[in-house]
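Reviewing the structure listed below.
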Amino acid sequence: MLGVLGWPLEHSLSPVIHHAAFRRLDLDWVYLPFPVEPERLADAITGLRALGAIGANVTMPHKETVIRYLDDLSSDARSIGAVNTIQRLGDRLIGHNTDVDGFAAFLADDAGLDVSGSRCLVLGAGGAARAVVRALDMSGAAQVCVSARRPDQADGVTALAGRTERTDWATVAERVPEFDLVVNATPLGMNEEDLLLDATFGEGQAIVDLIYDPPMTPLVERARSAGAAGWGGLGMLVHQAAASLRIWSGQEAPIEAMSVAAMHAVSRH
Ligand code: NAP
């Protein structure tokens with residue numbers, strides 16, 4: 001038994017993506033959505049131990065608070081300060097963060113982007129932004145600029161990597177043409193908002209919106225119509241799920257089957 005812990009937990013694609021993989025790998029496993037209120041998180045983690053769960057995913061708002069209930073952390077989870085995957089090893093629960101590998105794998109395998117030597121802009125300063133900044137740093141980006149509405153949060157993210165600085169949220173749209181890659185790691189766009197309404201995009205630029213539902217946000221649509229390359233967040237979602245599955249099963253993940261399941265599920269919403 002595995003599952004995803006979050007609150008609220010509406011329309012999670014994770015059960016569908018993982019069940020597609022379990023079928024393909026012939027694993028007799030079940031993956032369930034577990035809506036867990038913040039004040040019940042400690043009980044839920046005790047429950048995972050008691051029930052002998054293979055592992056779990058953790059999503060908002062538990063990615064940071066769950067750390068205090070775990071026995072150890074991977075280096076990515078420790079440096080980012082957020083966990084999205086729990087692995088049970090006997091009586092011990094280990095926290096991992098597969099968003100780092102998920103974003104790097106999406107860039108390399110789906111987008112075909114080599115970011116070494118690139119100038120990158122990351123919008124937002126939450127767990128996803130931290131994972132993206134770590135992945136960009138590890139992939140050799142020349143410069144990473146972070147912008148968020150709370151400057152102190154953005155400074156916390158810039159501290160994670162070298163060659164990283166903060167840029168002002170109020171004027172960030174003006175700076176967009178300077179960057180090879182722009183990543184939206186805020187929820188702005190889920191409800192048709194365009195957080196870079198005043199920005200101009202051009203050929204040679206790449207825009208990645210981590211939002212996967214809707215699969216195409218106004219930001220990605222506008223960037224594409226200006227000649228830039230644009231992607232939504234479904235690719236990263238599948239790759240981070242694949243990295244979790246590798247941790248739990250020790251097997252190579254069937255990415256294509258997981259991708260098809262994710263695309264079908266999101267198109268049904
Ligand atoms: P988070 O930890 O809550 O961080 C969200 C960030 O966005 C924070 O910096 C927050 O600022 C900012 N933000 C929220 N509302 C805003 C607004 N109205 N105006 C300006 N900034 C705003 O969330 P997260 O886990 O990093 O996730 C961020 C997004 O990435 C979500 O849409 C999530 O679904 C997506 N995501 C996708 C994947 C994937 O696999 N595709 C993986 C992880 C996350 P404050 O701190 O000031 O609120």
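Following the order of the structure tokens, first chain is A, next is B, and so on, with residues numbered from 1 inside each chain and ligands from 1 in the order they appear.
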Open item on the list: Using DSSP secondary structure from the backbone, list all alpha helix (DSSP H) positions within stretch 127-255 of chain A, as a PyMOL selection string.
Closed with: chain A and resi 127-138+151-158+172-175+218-225+234-249+255
Task: Contacts to ligand 1 at 7 Å cut-off (only C-alpha atoms and all ligand atoms) as a list in words - done: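 The neighbouring residues of ligand 1 are, in order, Met60, Asp99, Gly124, Ala125, Gly126, Gly127, Ala128, Ala129, Ala148, Arg149, Arg150, Gln153, Ala185, Thr186, Pro187, Leu188, Leu210, Ile211, Tyr212, Gly233, Leu234, Gly235, Met236, Leu237, Val238 and Gln240 of chain A.
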TODO: Kindly give the distance, in Å, that separates atom CA of A:Asp109 and atom CA of A:Pro177, rounded to a single decimal.
DONE: 25.1 Å
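Minimum distance to A:Ala159 across A:Ser79, A:Gly140, A:Arg119, A:Ala206 (counting only C-alpha atoms) occurs at A:Ser79.
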Open item on the list: Could you check the closest approach to A:Val58 for each of A:Pro38, A:Gly227, A:Gly3, A:Pro15 and tell me which residue wins, using only C-alpha atoms?
Closed with: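 Nearest candidate to A:Val58 out of A:Pro38, A:Gly227, A:Gly3, A:Pro15: A:Gly3.
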Open item on the list: Neighbouring residues of A:Phe34 were defined as those with any atom within 7 Å, considering only C-alpha atoms; residues of the same chain fewer than 3 positions away were excluded. Please report them as an MDAnalysis selection string.
Closed with: chainID A and resid 3:6
TODO: Can you pull out every residue within 9 Å of A:Ile86, counting only C-alpha atoms, but drop anything in the same chain fewer than 2 positions away, and send it as a VMD selection string?
DONE: chain A and resid 54 to 58 70 83 to 84 88 93 to 97 244 248
Emit the selected residues as a PDB file, in the first residue's frame, including N, CA and C atoms.
ATOM      1  N   ILE A  54       4.497   0.707   1.905  1.00  0.00           N
ATOM      2  CA  ILE A  54       5.766   0.671   1.169  1.00  0.00           C
ATOM      3  C   ILE A  54       6.389   2.063   1.169  1.00  0.00           C
ATOM      4  N   GLY A  55       5.517   3.070   1.068  1.00  0.00           N
ATOM      5  CA  GLY A  55       5.991   4.446   1.055  1.00  0.00           C
ATOM      6  C   GLY A  55       4.818   5.365   0.787  1.00  0.00           C
ATOM      7  N   ALA A  56       5.118   6.635   0.503  1.00  0.00           N
ATOM      8  CA  ALA A  56       4.043   7.594   0.238  1.00  0.00           C
ATOM      9  C   ALA A  56       4.620   8.806  -0.474  1.00  0.00           C
ATOM     10  N   ASN A  57       3.716   9.535  -1.120  1.00  0.00           N
ATOM     11  CA  ASN A  57       4.060  10.881  -1.570  1.00  0.00           C
ATOM     12  C   ASN A  57       3.453  11.876  -0.595  1.00  0.00           C
ATOM     13  N   VAL A  58       4.030  13.063  -0.573  1.00  0.00           N
ATOM     14  CA  VAL A  58       3.564  14.126   0.312  1.00  0.00           C
ATOM     15  C   VAL A  58       3.392  15.367  -0.543  1.00  0.00           C
ATOM     16  N   LEU A  70      10.081  12.191  10.333  1.00  0.00           N
ATOM     17  CA  LEU A  70      10.842  11.177   9.586  1.00  0.00           C
ATOM     18  C   LEU A  70      12.163  10.878  10.287  1.00  0.00           C
ATOM     19  N   VAL A  83      10.058  17.556   1.518  1.00  0.00           N
ATOM     20  CA  VAL A  83       9.980  16.132   1.168  1.00  0.00           C
ATOM     21  C   VAL A  83       8.733  15.908   0.317  1.00  0.00           C
ATOM     22  N   ASN A  84       8.870  15.182  -0.797  1.00  0.00           N
ATOM     23  CA  ASN A  84       7.659  14.802  -1.538  1.00  0.00           C
ATOM     24  C   ASN A  84       7.503  13.284  -1.630  1.00  0.00           C
ATOM     25  N   ARG A  88       9.798   3.597   3.159  1.00  0.00           N
ATOM     26  CA  ARG A  88       9.913   2.867   4.435  1.00  0.00           C
ATOM     27  C   ARG A  88      10.958   1.776   4.292  1.00  0.00           C
ATOM     28  N   LEU A  93      11.609   5.649   8.355  1.00  0.00           N
ATOM     29  CA  LEU A  93      11.010   6.379   7.236  1.00  0.00           C
ATOM     30  C   LEU A  93      12.027   7.408   6.737  1.00  0.00           C
ATOM     31  N   ILE A  94      12.339   7.328   5.431  1.00  0.00           N
ATOM     32  CA  ILE A  94      13.338   8.211   4.835  1.00  0.00           C
ATOM     33  C   ILE A  94      12.607   9.193   3.911  1.00  0.00           C
ATOM     34  N   GLY A  95      12.935  10.477   4.036  1.00  0.00           N
ATOM     35  CA  GLY A  95      12.315  11.506   3.193  1.00  0.00           C
ATOM     36  C   GLY A  95      13.195  11.833   1.993  1.00  0.00           C
ATOM     37  N   HIS A  96      12.582  11.884   0.824  1.00  0.00           N
ATOM     38  CA  HIS A  96      13.299  12.245  -0.412  1.00  0.00           C
ATOM     39  C   HIS A  96      12.594  13.433  -1.068  1.00  0.00           C
ATOM     40  N   ASN A  97      13.291  14.080  -1.993  1.00  0.00           N
ATOM     41  CA  ASN A  97      12.620  15.088  -2.823  1.00  0.00           C
ATOM     42  C   ASN A  97      12.906  14.767  -4.280  1.00  0.00           C
ATOM     43  N   SER A 244      10.062   8.636  -7.804  1.00  0.00           N
ATOM     44  CA  SER A 244       9.523   8.048  -6.568  1.00  0.00           C
ATOM     45  C   SER A 244       9.383   6.534  -6.725  1.00  0.00           C
ATOM     46  N   TRP A 248      10.881   3.347  -4.473  1.00  0.00           N
ATOM     47  CA  TRP A 248      10.061   2.332  -3.789  1.00  0.00           C
ATOM     48  C   TRP A 248      10.328   0.920  -4.314  1.00  0.00           C
TER      49      TRP A 248
END
Task: Point-to-point distance from atom CA of A:Arg163 to atom CA of A:Lys63, Å rounded to tenths - done: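 Atom CA of A:Arg163 sits 26.2 Å away from atom CA of A:Lys63.
Atom pair atom CA of A:His239 / atom CA of A:Arg224: separated by 22.9 Å.
Distances here use only C-alpha atoms; by that measure, the residue among A:Val100, A:Ser139, A:Ser75, A:Glu64 closest to A:Val115 is A:Ser139.
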Residues of stretch 64-128 of chain A classed as strand (DSSP E) by DSSP on the backbone are to be reported as a short mmCIF file (atom, residue, chain, number, x, y, z; two decimals) with C-alpha atoms, in the first residue's frame.
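Dumped to part19.cif:
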data_model
loop_
_atom_site.label_atom_id
_atom_site.label_comp_id
_atom_site.auth_asym_id
_atom_site.auth_seq_id
_atom_site.Cartn_x
_atom_site.Cartn_y
_atom_site.Cartn_z
CA ASP A 72 16.38 10.52 7.84
CA LEU A 73 16.52 12.64 4.68
CA THR A 85 8.45 11.08 -1.20
CA ILE A 86 8.64 8.81 1.84
CA GLN A 87 10.39 5.45 1.67
CA ARG A 88 9.91 2.87 4.44
CA LEU A 89 12.98 0.80 5.19
CA ARG A 92 12.65 3.74 9.42
CA LEU A 93 11.01 6.38 7.24
CA ILE A 94 13.34 8.21 4.84
CA GLY A 95 12.31 11.51 3.19
CA HIS A 96 13.30 12.24 -0.41
CA ARG A 119 20.51 32.43 -17.88
CA CYS A 120 17.40 31.30 -16.02
CA LEU A 121 14.57 33.07 -14.19
CA VAL A 122 12.53 31.26 -11.53
CA LEU A 123 9.28 32.80 -10.29
#
Open item on the list: Can you pull out the residues contacting A:Gly189? Cut-off 7 Å, using only C-alpha atoms, and skip same-chain residues under 3 positions away; I want them as a list in words.
Closed with: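 Once the adjacent positions are removed, what remains is Glu192, Glu193, Asp194, Thr217 and Pro218 of chain A.
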Task: Which of A:Pro61, A:Gly162, A:Gly230, A:Pro35 sits closest to A:Gly202 [using only C-alpha atoms] - done: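 For A:Gly202, the nearest of the candidates is A:Gly230.
Residue nearest A:Ala111, chosen from A:Gly90, A:Gly81, A:Gly232, A:Pro254 and counting only C-alpha atoms: A:Gly232.
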Find the spatial neighbours of A:Val157, counting only C-alpha atoms, within a cut-off of 9 Å - ignore same-chain residues fewer than 2 positions away - and output them as a PDB file with N, CA and C atoms, in the first residue's frame.
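What follows is the written file part.pdb:
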ATOM      1  N   ILE A  80      16.910  21.218   0.301  1.00  0.00           N
ATOM      2  CA  ILE A  80      15.726  21.994  -0.077  1.00  0.00           C
ATOM      3  C   ILE A  80      14.822  22.260   1.119  1.00  0.00           C
ATOM      4  N   ALA A 125       8.974  31.110  -4.635  1.00  0.00           N
ATOM      5  CA  ALA A 125      10.026  30.791  -3.664  1.00  0.00           C
ATOM      6  C   ALA A 125       9.570  29.688  -2.716  1.00  0.00           C
ATOM      7  N   GLY A 126       8.686  28.816  -3.199  1.00  0.00           N
ATOM      8  CA  GLY A 126       8.228  27.697  -2.373  1.00  0.00           C
ATOM      9  C   GLY A 126       9.069  26.457  -2.644  1.00  0.00           C
ATOM     10  N   ALA A 129      10.039  25.884  -6.357  1.00  0.00           N
ATOM     11  CA  ALA A 129      11.096  26.813  -6.810  1.00  0.00           C
ATOM     12  C   ALA A 129      12.453  26.347  -6.292  1.00  0.00           C
ATOM     13  N   ARG A 130      12.491  25.894  -5.056  1.00  0.00           N
ATOM     14  CA  ARG A 130      13.772  25.439  -4.484  1.00  0.00           C
ATOM     15  C   ARG A 130      14.296  24.220  -5.239  1.00  0.00           C
ATOM     16  N   VAL A 133      15.622  25.429  -8.652  1.00  0.00           N
ATOM     17  CA  VAL A 133      16.903  26.125  -8.535  1.00  0.00           C
ATOM     18  C   VAL A 133      18.027  25.117  -8.307  1.00  0.00           C
ATOM     19  N   VAL A 146      15.959  34.633  -9.053  1.00  0.00           N
ATOM     20  CA  VAL A 146      14.740  34.202  -8.367  1.00  0.00           C
ATOM     21  C   VAL A 146      13.917  35.438  -8.044  1.00  0.00           C
ATOM     22  N   ASP A 152      12.182  38.191   1.252  1.00  0.00           N
ATOM     23  CA  ASP A 152      12.934  37.353   2.200  1.00  0.00           C
ATOM     24  C   ASP A 152      12.859  35.880   1.792  1.00  0.00           C
ATOM     25  N   GLN A 153      11.702  35.462   1.248  1.00  0.00           N
ATOM     26  CA  GLN A 153      11.572  34.080   0.774  1.00  0.00           C
ATOM     27  C   GLN A 153      12.489  33.836  -0.425  1.00  0.00           C
ATOM     28  N   ALA A 154      12.519  34.831  -1.333  1.00  0.00           N
ATOM     29  CA  ALA A 154      13.383  34.698  -2.518  1.00  0.00           C
ATOM     30  C   ALA A 154      14.843  34.615  -2.086  1.00  0.00           C
ATOM     31  N   ASP A 155      15.232  35.399  -1.102  1.00  0.00           N
ATOM     32  CA  ASP A 155      16.626  35.352  -0.613  1.00  0.00           C
ATOM     33  C   ASP A 155      16.953  33.969  -0.058  1.00  0.00           C
ATOM     34  N   ALA A 159      20.001  31.403  -1.537  1.00  0.00           N
ATOM     35  CA  ALA A 159      21.073  30.872  -0.679  1.00  0.00           C
ATOM     36  C   ALA A 159      21.374  29.396  -0.973  1.00  0.00           C
ATOM     37  N   LEU A 160      20.493  28.738  -1.743  1.00  0.00           N
ATOM     38  CA  LEU A 160      20.660  27.298  -1.998  1.00  0.00           C
ATOM     39  C   LEU A 160      21.757  26.966  -2.998  1.00  0.00           C
ATOM     40  N   ALA A 161      22.119  27.939  -3.843  1.00  0.00           N
ATOM     41  CA  ALA A 161      23.033  27.614  -4.941  1.00  0.00           C
ATOM     42  C   ALA A 161      23.940  28.799  -5.242  1.00  0.00           C
ATOM     43  N   THR A 164      23.468  32.710  -8.138  1.00  0.00           N
ATOM     44  CA  THR A 164      22.021  32.909  -7.984  1.00  0.00           C
ATOM     45  C   THR A 164      21.767  34.257  -7.314  1.00  0.00           C
ATOM     46  N   GLU A 165      20.801  35.012  -7.834  1.00  0.00           N
ATOM     47  CA  GLU A 165      20.485  36.302  -7.218  1.00  0.00           C
ATOM     48  C   GLU A 165      18.983  36.534  -7.237  1.00  0.00           C
ATOM     49  N   ARG A 166      18.554  37.554  -6.491  1.00  0.00           N
ATOM     50  CA  ARG A 166      17.128  37.890  -6.458  1.00  0.00           C
ATOM     51  C   ARG A 166      16.873  39.064  -7.392  1.00  0.00           C
TER      52      ARG A 166
END
Task: Contacts of A:His264 at 12 Å (only C-alpha atoms; same-chain gap of 3+ positions) as number ranges by chain - done: A: 13, 16-17, 20, 213, 215, 234, 257-261, 267-269
Output of the above residues as a tab-separated table (two decimals), in the first residue's frame, restricted to N, CA and C atoms:
chain	number	residue	atom	x	y	z
A	13	LEU	N	-3.55	13.55	-9.57
A	13	LEU	CA	-3.29	12.65	-10.69
A	13	LEU	C	-2.41	11.47	-10.29
A	16	VAL	N	-3.59	7.69	-10.49
A	16	VAL	CA	-3.74	7.21	-11.87
A	16	VAL	C	-2.37	6.93	-12.49
A	17	ILE	N	-1.42	7.86	-12.27
A	17	ILE	CA	-0.08	7.71	-12.86
A	17	ILE	C	0.61	6.46	-12.28
A	20	ALA	N	-0.92	3.07	-13.40
A	20	ALA	CA	-0.50	2.70	-14.76
A	20	ALA	C	0.86	2.01	-14.70
A	213	ASP	N	-2.47	21.50	-14.46
A	213	ASP	CA	-3.93	21.48	-14.64
A	213	ASP	C	-4.44	22.91	-14.46
A	215	PRO	N	-3.43	21.99	-18.55
A	215	PRO	CA	-2.16	21.61	-19.16
A	215	PRO	C	-1.46	22.77	-19.86
A	234	LEU	N	3.11	18.91	-16.80
A	234	LEU	CA	2.78	17.47	-16.78
A	234	LEU	C	4.03	16.59	-16.91
A	257	ALA	N	3.95	4.77	-20.26
A	257	ALA	CA	2.63	4.38	-19.74
A	257	ALA	C	2.15	5.39	-18.70
A	258	MET	N	3.06	5.90	-17.90
A	258	MET	CA	2.70	6.88	-16.87
A	258	MET	C	2.27	8.20	-17.52
A	259	SER	N	2.98	8.57	-18.58
A	259	SER	CA	2.67	9.81	-19.30
A	259	SER	C	1.30	9.77	-19.95
A	260	VAL	N	1.01	8.65	-20.60
A	260	VAL	CA	-0.28	8.50	-21.28
A	260	VAL	C	-1.41	8.58	-20.24
A	261	ALA	N	-1.22	7.90	-19.10
A	261	ALA	CA	-2.25	7.91	-18.05
A	261	ALA	C	-2.46	9.34	-17.53
A	267	SER	N	-7.02	15.46	-19.15
A	267	SER	CA	-7.98	15.89	-20.18
A	267	SER	C	-9.41	15.62	-19.73
A	268	ARG	N	-9.60	14.74	-18.74
A	268	ARG	CA	-10.96	14.44	-18.25
A	268	ARG	C	-11.46	15.48	-17.26
A	269	HIS	N	-10.55	16.32	-16.71
A	269	HIS	CA	-10.97	17.31	-15.69
A	269	HIS	C	-11.81	18.42	-16.30
